[in-house]
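**Q** Handing over work-v1.csv, CSV, C-alpha atoms.
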chain,number,residue,atom,x,y,z
A,3,MET,CA,-24.6,-40.6,-17.1
A,4,THR,CA,-27.6,-40.8,-14.9
A,5,GLY,CA,-29.4,-43.4,-12.8
A,6,GLY,CA,-28.2,-45.2,-9.7
A,7,SER,CA,-24.8,-44.4,-8.2
A,8,SER,CA,-22.4,-42.5,-10.4
A,9,VAL,CA,-18.7,-43.2,-10.0
A,10,SER,CA,-17.7,-40.5,-12.5
A,11,GLY,CA,-16.1,-37.2,-11.5
A,12,GLY,CA,-16.8,-33.9,-13.2
A,13,GLY,CA,-16.1,-33.1,-16.9
A,14,SER,CA,-17.6,-31.5,-19.9
A,15,ALA,CA,-21.0,-32.5,-21.1
A,16,VAL,CA,-21.2,-35.1,-23.8
A,17,ARG,CA,-24.0,-35.1,-26.3
A,18,SER,CA,-26.3,-38.2,-25.9
A,19,VAL,CA,-27.7,-40.2,-28.7
A,20,LEU,CA,-30.1,-42.1,-26.5
A,21,LYS,CA,-31.8,-41.0,-23.3
A,22,ILE,CA,-33.9,-43.3,-21.1
A,23,ASP,CA,-35.9,-41.8,-18.2
A,24,GLU,CA,-37.8,-43.7,-15.5
A,25,LEU,CA,-38.4,-46.7,-17.8
A,26,THR,CA,-40.7,-49.3,-16.4
A,27,ALA,CA,-41.5,-52.5,-18.4
A,28,GLY,CA,-42.0,-56.2,-18.1
A,29,TYR,CA,-44.1,-59.2,-19.1
A,30,GLY,CA,-47.5,-60.4,-18.1
A,31,GLY,CA,-48.1,-57.7,-15.5
A,32,GLY,CA,-44.8,-58.1,-13.8
A,33,ASP,CA,-42.2,-55.3,-14.0
A,34,VAL,CA,-38.7,-56.3,-14.9
A,35,LEU,CA,-37.4,-52.8,-15.4
A,36,ARG,CA,-38.3,-50.4,-12.6
A,37,GLY,CA,-37.4,-46.7,-13.2
A,38,VAL,CA,-34.3,-47.2,-15.3
A,39,ARG,CA,-32.5,-44.0,-16.2
A,40,LEU,CA,-29.4,-43.9,-18.4
A,41,GLU,CA,-27.9,-42.1,-21.4
A,42,VAL,CA,-25.8,-43.4,-24.3
A,43,PRO,CA,-23.2,-40.7,-25.2
A,44,ALA,CA,-22.6,-40.1,-28.9
A,45,GLY,CA,-19.6,-41.8,-30.5
A,46,GLY,CA,-18.8,-44.2,-27.6
A,47,ILE,CA,-19.4,-47.8,-26.5
A,48,THR,CA,-21.8,-48.1,-23.6
A,49,CYS,CA,-21.7,-51.5,-21.9
A,50,VAL,CA,-24.5,-52.7,-19.7
A,51,VAL,CA,-23.6,-55.6,-17.3
A,52,GLY,CA,-25.3,-57.3,-14.5
A,53,PRO,CA,-26.4,-60.7,-13.2
A,54,ASN,CA,-29.0,-62.9,-14.9
A,55,GLY,CA,-32.4,-61.4,-14.4
A,56,ALA,CA,-31.1,-57.8,-14.0
A,57,GLY,CA,-33.2,-56.7,-17.0
A,58,LYS,CA,-30.4,-56.1,-19.6
A,59,SER,CA,-32.1,-57.9,-22.5
A,60,THR,CA,-35.5,-56.4,-21.5
A,61,LEU,CA,-33.9,-53.0,-21.8
A,62,MET,CA,-32.7,-53.7,-25.3
A,63,ARG,CA,-36.1,-55.0,-26.3
A,64,CYS,CA,-37.7,-51.7,-25.2
A,65,VAL,CA,-35.2,-49.6,-27.1
A,66,SER,CA,-35.7,-51.6,-30.3
A,67,GLY,CA,-39.5,-51.5,-30.0
A,68,LEU,CA,-40.0,-55.2,-29.4
A,69,LEU,CA,-41.4,-54.5,-26.0
A,70,LYS,CA,-43.7,-51.6,-25.1
A,71,PRO,CA,-42.8,-49.9,-21.9
A,72,ARG,CA,-45.5,-49.4,-19.2
A,73,LEU,CA,-44.0,-46.1,-18.0
A,74,GLY,CA,-41.2,-43.7,-18.8
A,75,SER,CA,-39.5,-42.4,-22.0
A,76,ILE,CA,-36.9,-43.4,-24.5
A,77,THR,CA,-35.6,-40.8,-27.0
A,78,LEU,CA,-33.2,-40.9,-29.9
A,79,HIS,CA,-31.7,-37.5,-30.6
A,80,GLY,CA,-34.8,-36.1,-28.9
A,81,GLU,CA,-37.2,-38.2,-30.9
A,82,PRO,CA,-39.5,-40.3,-28.7
A,83,LEU,CA,-39.2,-44.1,-29.4
A,84,ALA,CA,-41.8,-45.5,-27.0
A,85,GLY,CA,-44.9,-46.5,-28.9
A,86,LYS,CA,-43.2,-46.7,-32.2
A,87,SER,CA,-43.0,-50.0,-34.1
A,88,PRO,CA,-39.7,-51.9,-34.6
A,89,ARG,CA,-39.8,-50.9,-38.3
A,90,GLU,CA,-40.3,-47.2,-37.4
A,91,ILE,CA,-37.4,-47.4,-34.9
A,92,LEU,CA,-35.2,-49.1,-37.5
A,93,ARG,CA,-35.9,-46.3,-40.0
A,94,LEU,CA,-34.8,-43.8,-37.3
A,95,GLY,CA,-31.4,-45.5,-37.2
A,96,VAL,CA,-31.6,-48.1,-34.3
A,97,VAL,CA,-30.3,-51.4,-35.5
A,98,GLN,CA,-30.0,-54.5,-33.3
A,99,VAL,CA,-27.8,-57.6,-33.5
A,100,PRO,CA,-29.7,-60.2,-31.5
A,101,GLN,CA,-28.3,-62.6,-28.9
A,102,ASN,CA,-28.9,-65.7,-31.0
A,103,HIS,CA,-27.4,-66.2,-34.5
A,104,SER,CA,-29.8,-64.8,-37.0
A,105,LEU,CA,-28.2,-65.4,-40.5
A,106,PHE,CA,-30.1,-67.3,-43.2
A,107,ARG,CA,-27.9,-70.4,-43.2
A,108,ASP,CA,-28.7,-71.5,-46.8
A,109,MET,CA,-28.0,-68.0,-48.2
A,110,THR,CA,-24.6,-66.7,-49.1
A,111,VAL,CA,-22.7,-64.2,-47.0
A,112,TRP,CA,-23.3,-61.5,-49.7
A,113,GLU,CA,-27.1,-62.3,-49.7
A,114,ASN,CA,-27.3,-62.0,-46.0
A,115,ILE,CA,-25.5,-58.7,-45.9
A,116,GLU,CA,-27.5,-57.4,-48.8
A,117,LEU,CA,-30.7,-58.0,-46.8
A,118,GLY,CA,-29.5,-55.6,-44.2
A,119,GLY,CA,-30.0,-52.8,-46.7
A,120,TYR,CA,-33.5,-53.7,-47.7
A,121,ILE,CA,-34.9,-50.3,-46.9
A,122,LEU,CA,-32.3,-48.4,-48.9
A,123,PRO,CA,-33.8,-46.6,-51.9
A,124,ASP,CA,-32.2,-48.5,-54.7
A,125,ARG,CA,-29.8,-51.2,-55.8
A,126,LYS,CA,-27.0,-48.7,-56.4
A,127,ALA,CA,-27.2,-47.5,-52.8
A,128,VAL,CA,-27.2,-51.1,-51.6
A,129,THR,CA,-24.1,-52.1,-53.6
A,130,LYS,CA,-22.3,-48.9,-52.6
A,131,ARG,CA,-23.0,-49.6,-48.9
A,132,ILE,CA,-21.8,-53.3,-49.2
A,133,ASP,CA,-18.5,-52.0,-50.7
A,134,GLU,CA,-18.1,-49.7,-47.7
A,135,VAL,CA,-18.8,-52.4,-45.2
A,136,PHE,CA,-16.4,-54.8,-47.0
A,137,GLY,CA,-13.8,-51.9,-46.7
A,138,LEU,CA,-14.3,-52.0,-42.9
A,139,PHE,CA,-14.3,-55.8,-42.7
A,140,PRO,CA,-12.1,-57.0,-45.6
A,141,GLN,CA,-12.0,-60.6,-44.3
A,142,ILE,CA,-15.8,-60.8,-44.8
A,143,ALA,CA,-15.4,-59.9,-48.4
A,144,GLN,CA,-13.4,-63.1,-48.8
A,145,TRP,CA,-16.4,-65.1,-47.6
A,146,ARG,CA,-19.0,-63.4,-49.9
A,147,GLY,CA,-19.8,-66.5,-51.9
A,148,MET,CA,-19.9,-69.0,-49.0
A,149,LYS,CA,-23.1,-70.2,-47.4
A,150,ALA,CA,-23.6,-68.6,-44.0
A,151,GLY,CA,-24.3,-71.9,-42.4
A,152,SER,CA,-20.8,-73.1,-43.3
A,153,LEU,CA,-19.1,-70.4,-41.2
A,154,SER,CA,-18.0,-70.8,-37.6
A,155,GLY,CA,-20.0,-69.1,-34.8
A,156,GLY,CA,-17.5,-66.2,-34.6
A,157,GLN,CA,-17.5,-65.7,-38.3
A,158,GLN,CA,-21.3,-65.6,-38.4
A,159,ARG,CA,-21.2,-62.9,-35.7
A,160,LEU,CA,-18.9,-60.8,-37.8
A,161,VAL,CA,-21.3,-61.1,-40.8
A,162,GLU,CA,-24.2,-60.1,-38.5
A,163,PHE,CA,-22.2,-57.0,-37.6
A,164,ALA,CA,-21.6,-56.2,-41.2
A,165,ARG,CA,-25.3,-56.7,-42.0
A,166,ALA,CA,-26.3,-54.3,-39.2
A,167,LEU,CA,-23.9,-51.6,-40.6
A,168,MET,CA,-25.7,-51.6,-43.9
A,169,LEU,CA,-28.1,-48.8,-42.7
A,170,GLU,CA,-25.3,-46.7,-41.1
A,171,PRO,CA,-27.1,-46.9,-37.7
A,172,ALA,CA,-27.3,-43.9,-35.4
A,173,LEU,CA,-27.2,-46.5,-32.6
A,174,LEU,CA,-26.1,-50.1,-32.9
A,175,LEU,CA,-27.5,-52.5,-30.2
A,176,LEU,CA,-25.4,-55.6,-29.5
A,177,ASP,CA,-27.1,-58.1,-27.2
A,178,GLU,CA,-24.6,-60.5,-25.7
A,179,PRO,CA,-22.4,-60.7,-28.8
A,180,SER,CA,-20.0,-63.2,-27.1
A,181,MET,CA,-22.8,-65.6,-26.2
A,182,GLY,CA,-21.9,-69.2,-27.2
A,183,LEU,CA,-18.5,-68.3,-28.6
A,184,ALA,CA,-15.2,-70.1,-27.7
A,185,PRO,CA,-12.8,-67.9,-25.6
A,186,LYS,CA,-10.2,-67.8,-28.4
A,187,ILE,CA,-12.9,-66.3,-30.7
A,188,LEU,CA,-13.9,-63.5,-28.3
A,189,ARG,CA,-10.9,-61.3,-29.1
A,190,THR,CA,-11.9,-61.2,-32.8
A,191,VAL,CA,-15.5,-60.3,-32.0
A,192,PHE,CA,-14.5,-57.6,-29.5
A,193,ASP,CA,-11.9,-56.2,-31.9
A,194,ALA,CA,-14.7,-56.0,-34.4
A,195,VAL,CA,-16.9,-54.0,-32.0
A,196,LYS,CA,-14.0,-51.6,-31.4
A,197,GLN,CA,-13.5,-51.4,-35.2
A,198,MET,CA,-17.2,-50.5,-35.8
A,199,ASN,CA,-17.0,-47.8,-33.1
A,200,ALA,CA,-13.8,-46.4,-34.5
A,201,GLY,CA,-15.6,-46.1,-37.8
A,202,GLY,CA,-18.1,-43.7,-36.1
A,203,THR,CA,-20.9,-46.0,-34.9
A,204,THR,CA,-22.3,-45.4,-31.4
A,205,ILE,CA,-22.8,-48.7,-29.7
A,206,LEU,CA,-25.0,-49.9,-26.8
A,207,LEU,CA,-23.7,-53.3,-25.7
A,208,VAL,CA,-25.1,-55.8,-23.3
A,209,GLU,CA,-22.5,-58.3,-22.3
A,210,GLN,CA,-22.3,-61.4,-20.1
A,211,ASN,CA,-18.5,-61.2,-20.1
A,212,ALA,CA,-18.4,-58.2,-17.8
A,213,ARG,CA,-14.7,-57.7,-17.7
A,214,ALA,CA,-14.1,-57.9,-21.4
A,215,GLY,CA,-17.1,-55.7,-22.2
A,216,LEU,CA,-16.2,-53.0,-19.7
A,217,ARG,CA,-12.5,-53.0,-20.9
A,218,LEU,CA,-13.5,-52.1,-24.4
A,219,SER,CA,-16.2,-49.6,-23.4
A,220,SER,CA,-16.0,-45.8,-22.9
A,221,HIS,CA,-19.0,-46.0,-20.5
A,222,GLY,CA,-20.2,-48.7,-18.2
A,223,VAL,CA,-23.6,-49.4,-16.5
A,224,VAL,CA,-24.3,-52.0,-13.9
A,225,MET,CA,-27.9,-53.2,-13.6
A,226,GLU,CA,-29.4,-55.2,-10.7
A,227,ASN,CA,-33.0,-56.1,-10.1
A,228,GLY,CA,-34.3,-54.0,-12.9
A,229,GLN,CA,-32.5,-50.8,-11.9
A,230,VAL,CA,-29.2,-49.0,-12.7
A,231,ARG,CA,-27.0,-49.3,-9.6
A,232,LEU,CA,-23.7,-48.0,-10.8
A,233,SER,CA,-22.5,-46.0,-13.8
A,234,GLY,CA,-19.4,-44.2,-15.0
A,235,THR,CA,-16.6,-44.8,-17.5
A,236,GLY,CA,-15.9,-48.4,-18.4
A,237,ARG,CA,-12.7,-48.3,-16.3
A,238,GLU,CA,-14.3,-46.7,-13.3
A,239,VAL,CA,-17.1,-49.3,-13.2
A,240,LEU,CA,-14.7,-52.2,-13.8
A,241,GLU,CA,-12.4,-51.1,-10.9
A,242,HIS,CA,-15.2,-50.1,-8.5
A,243,PRO,CA,-15.1,-52.3,-5.4
A,244,GLU,CA,-18.9,-53.0,-5.4
A,245,ILE,CA,-18.7,-54.7,-8.8
A,246,GLY,CA,-17.0,-57.7,-7.2
A,247,ALA,CA,-19.8,-58.0,-4.6
A,248,LEU,CA,-22.4,-58.0,-7.3
A,249,TYR,CA,-20.8,-60.8,-9.3
A,250,LEU,CA,-20.0,-62.8,-6.2
A,251,GLY,CA,-23.7,-63.0,-5.5
A,252,GLY,CA,-24.0,-60.1,-3.0
A,253,ALA,CA,-26.2,-57.1,-3.5
A,254,VAL,CA,-24.7,-53.8,-4.5
A,255,ARG,CA,-24.4,-51.6,-1.4
A,256,GLU,CA,-26.7,-48.6,-1.2
A,257,SER,CA,-24.9,-45.3,-1.4
Could you quickly redo this structure as structure tokens?

**A**
Amino acid sequence: MTGGSSVSGGGSAVRSVLKIDELTAGYGGGDVLRGVRLEVPAGGITCVVGPNGAGKSTLMRCVSGLLKPRLGSITLHGEPLAGKSPREILRLGVVQVPQNHSLFRDMTVWENIELGGYILPDRKAVTKRIDEVFGLFPQIAQWRGMKAGSLSGGQQRLVEFARALMLEPALLLLDEPSMGLAPKILRTVFDAVKQMNAGGTTILLVEQNARAGLRLSSHGVVMENGQVRLSGTGREVLEHPEIGALYLGGAVRES
């Protein structure tokens, strides 16, 4: 993984699904991201952590096409994403579960999940994919006729995951999936993240719960002030002495 300080040792090269190089972006003329460089290895969970204002959600908005970068490049399997519309990026296989709950509360769980496959070619393909998603999350199949608004926050998050999987994403973006959930629900949500990854989905995760996010991840990235400051395996980043300084309010020490 590239950008900032690497805490990884040597090892064989891993194919990357997503590559970000010298990404600079922001709002109203002010740059939030400044020269971000990172890669998301295929088949893994890459977790991005950092204090508020580090640029984590801005990074996700750039990848999904909701924010146009000022400089730099973003490629998915070598295909440039910068400049493409969110719909075009979705069709290339990048699907995002947003930070805030996004289900249609007056629609059933089945109807919400069905919407996730709206660009699939026909009804038969949609039904087949719903069956596959229910196979991954059998508990959600039991809620199929319930109104989404009647579910708990944790249950809604699982349905959002299921909806995102309808398009068999090449890359699944999860923006703060634990946001607003009670601690006892977090295990269920993080177990679902691992389950999706075990099913073959590559995941880029931004998470406020740094310890939990890094524990479940194969790769970790620490952002500070719009830049990547540390990167490595999830365990290496979690155990690195500088991570404590960052979350205790100090700046990450320059290498």

**Q** Compare A:Thr203, A:Ala56, A:Ala214, A:Val99 by their minimum atom-to-atom distance to Leu160 in chain A, counting all atoms listed in the file, and give me the closest one.

**A**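 When distances to Leu160 in chain A are compared using all atoms listed in the file, the smallest one comes from A:Val99.
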
**Q** Go through A:Gly55, A:Gly147, A:Gly228, A:Gly85 one by one, measure the shortest atom-to-atom distance of each to Gly67 in chain A using only C-alpha atoms, and give the residue with the smallest value.

**A**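 Closest residue, counting only C-alpha atoms: A:Gly85.
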
**Q** For each of A:Val38, A:Val50, A:Leu174, A:Leu20, take the minimum atom-to-atom distance to Val223 in chain A, counting only C-alpha atoms, then give the residue where this is smallest.

**A**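 Selected residue with least distance to Val223 in chain A: A:Val50.
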
**Q** Might you pull out every residue within 7 Å of Arg165 in chain A, with only C-alpha atoms counted and same-chain residues fewer than 5 positions away left off, and present them as a list in words?

**A**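 Everything that qualifies: Asn114, Ile115 and Gly118 of chain A.
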
**Q** What does the file look like for those residues with C-alpha atoms, as a PDB file, in the frame of the given file?

**A**
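Contents of result-v2.pdb, as written:
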ATOM      1  CA  ASN A 114     -27.300 -62.000 -46.000  1.00  0.00           C
ATOM      2  CA  ILE A 115     -25.500 -58.700 -45.900  1.00  0.00           C
ATOM      3  CA  GLY A 118     -29.500 -55.600 -44.200  1.00  0.00           C
TER       4      GLY A 118
END

**Q** Take CA of Thr60 in chain A and CA of Glu81 in chain A and report the distance between them in Å, one decimal.

**A**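 Taking CA of Thr60 in chain A as the start and CA of Glu81 in chain A as the end point, the length is 20.6 Å.
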
**Q** Please report the interatomic distance between CA of Gly155 in chain A and CA of Leu183 in chain A in Å with one decimal.

**A**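 About the pair CA of Gly155 in chain A and CA of Leu183 in chain A: they are 6.4 Å apart.
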
**Q** Please return as a VMD selection string every residue within 10 Å of (-13.7, -57.8, -32.0), taking into account only C-alpha atoms and the file's own coordinates.

**A** chain A and resid 156 159 to 160 179 to 180 187 to 198 218

**Q** Go ahead and write the selection's residues with C-alpha atoms as a compact mmCIF listing (two decimals), in the frame of the given file.

**A**
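Here's the written file part-v3.txt:
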# COMPACT_ATOMS: atom_id res chain seq x y z
CA GLY A 156 -17.50 -66.20 -34.60
CA ARG A 159 -21.20 -62.90 -35.70
CA LEU A 160 -18.90 -60.80 -37.80
CA PRO A 179 -22.40 -60.70 -28.80
CA SER A 180 -20.00 -63.20 -27.10
CA ILE A 187 -12.90 -66.30 -30.70
CA LEU A 188 -13.90 -63.50 -28.30
CA ARG A 189 -10.90 -61.30 -29.10
CA THR A 190 -11.90 -61.20 -32.80
CA VAL A 191 -15.50 -60.30 -32.00
CA PHE A 192 -14.50 -57.60 -29.50
CA ASP A 193 -11.90 -56.20 -31.90
CA ALA A 194 -14.70 -56.00 -34.40
CA VAL A 195 -16.90 -54.00 -32.00
CA LYS A 196 -14.00 -51.60 -31.40
CA GLN A 197 -13.50 -51.40 -35.20
CA MET A 198 -17.20 -50.50 -35.80
CA LEU A 218 -13.50 -52.10 -24.40

**Q** How many Å separate CA of Met148 in chain A from CA of Ile205 in chain A?

**A** 28.2 Å

**Q** Considering all atoms listed in the file, state which residue in the set A:Leu83, A:Val51, A:Gln157, A:Leu25 is at the smallest distance from Ser219 in chain A.

**A** A:Val51

**Q** Which of these residues is nearest to Leu232 in chain A, using all atoms listed in the file: A:His103, A:Pro43, A:Val135, A:Glu244?

**A**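 Of A:His103, A:Pro43, A:Val135, A:Glu244, the one nearest Leu232 in chain A, counting all atoms listed in the file, is A:Glu244.
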
**Q** With a distance cut-off of 8 Å and only C-alpha atoms, select the neighbouring residues of Arg237 in chain A, excluding the residue or stretch itself and same-chain residues fewer than 6 positions from it, and output the selection as a ChimeraX atom specification.

**A** /A:216-217,220-222

**Q** Could you name the residues that touch Val65 in chain A at 12 Å or less, counting only C-alpha atoms, but leaving out those on the same chain fewer than 2 positions away, as a ChimeraX atom specification?

**A** /A:20-23,25,27,40-42,58-63,67-71,74-78,82-88,90-92,94-98,173-177,206

**Q** So which one's closest to Phe163 in chain A, A:Pro100, A:Gly32, A:Gly215, A:Gly37? Using all atoms listed in the file, please.

**A**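 Closest candidate: A:Pro100.
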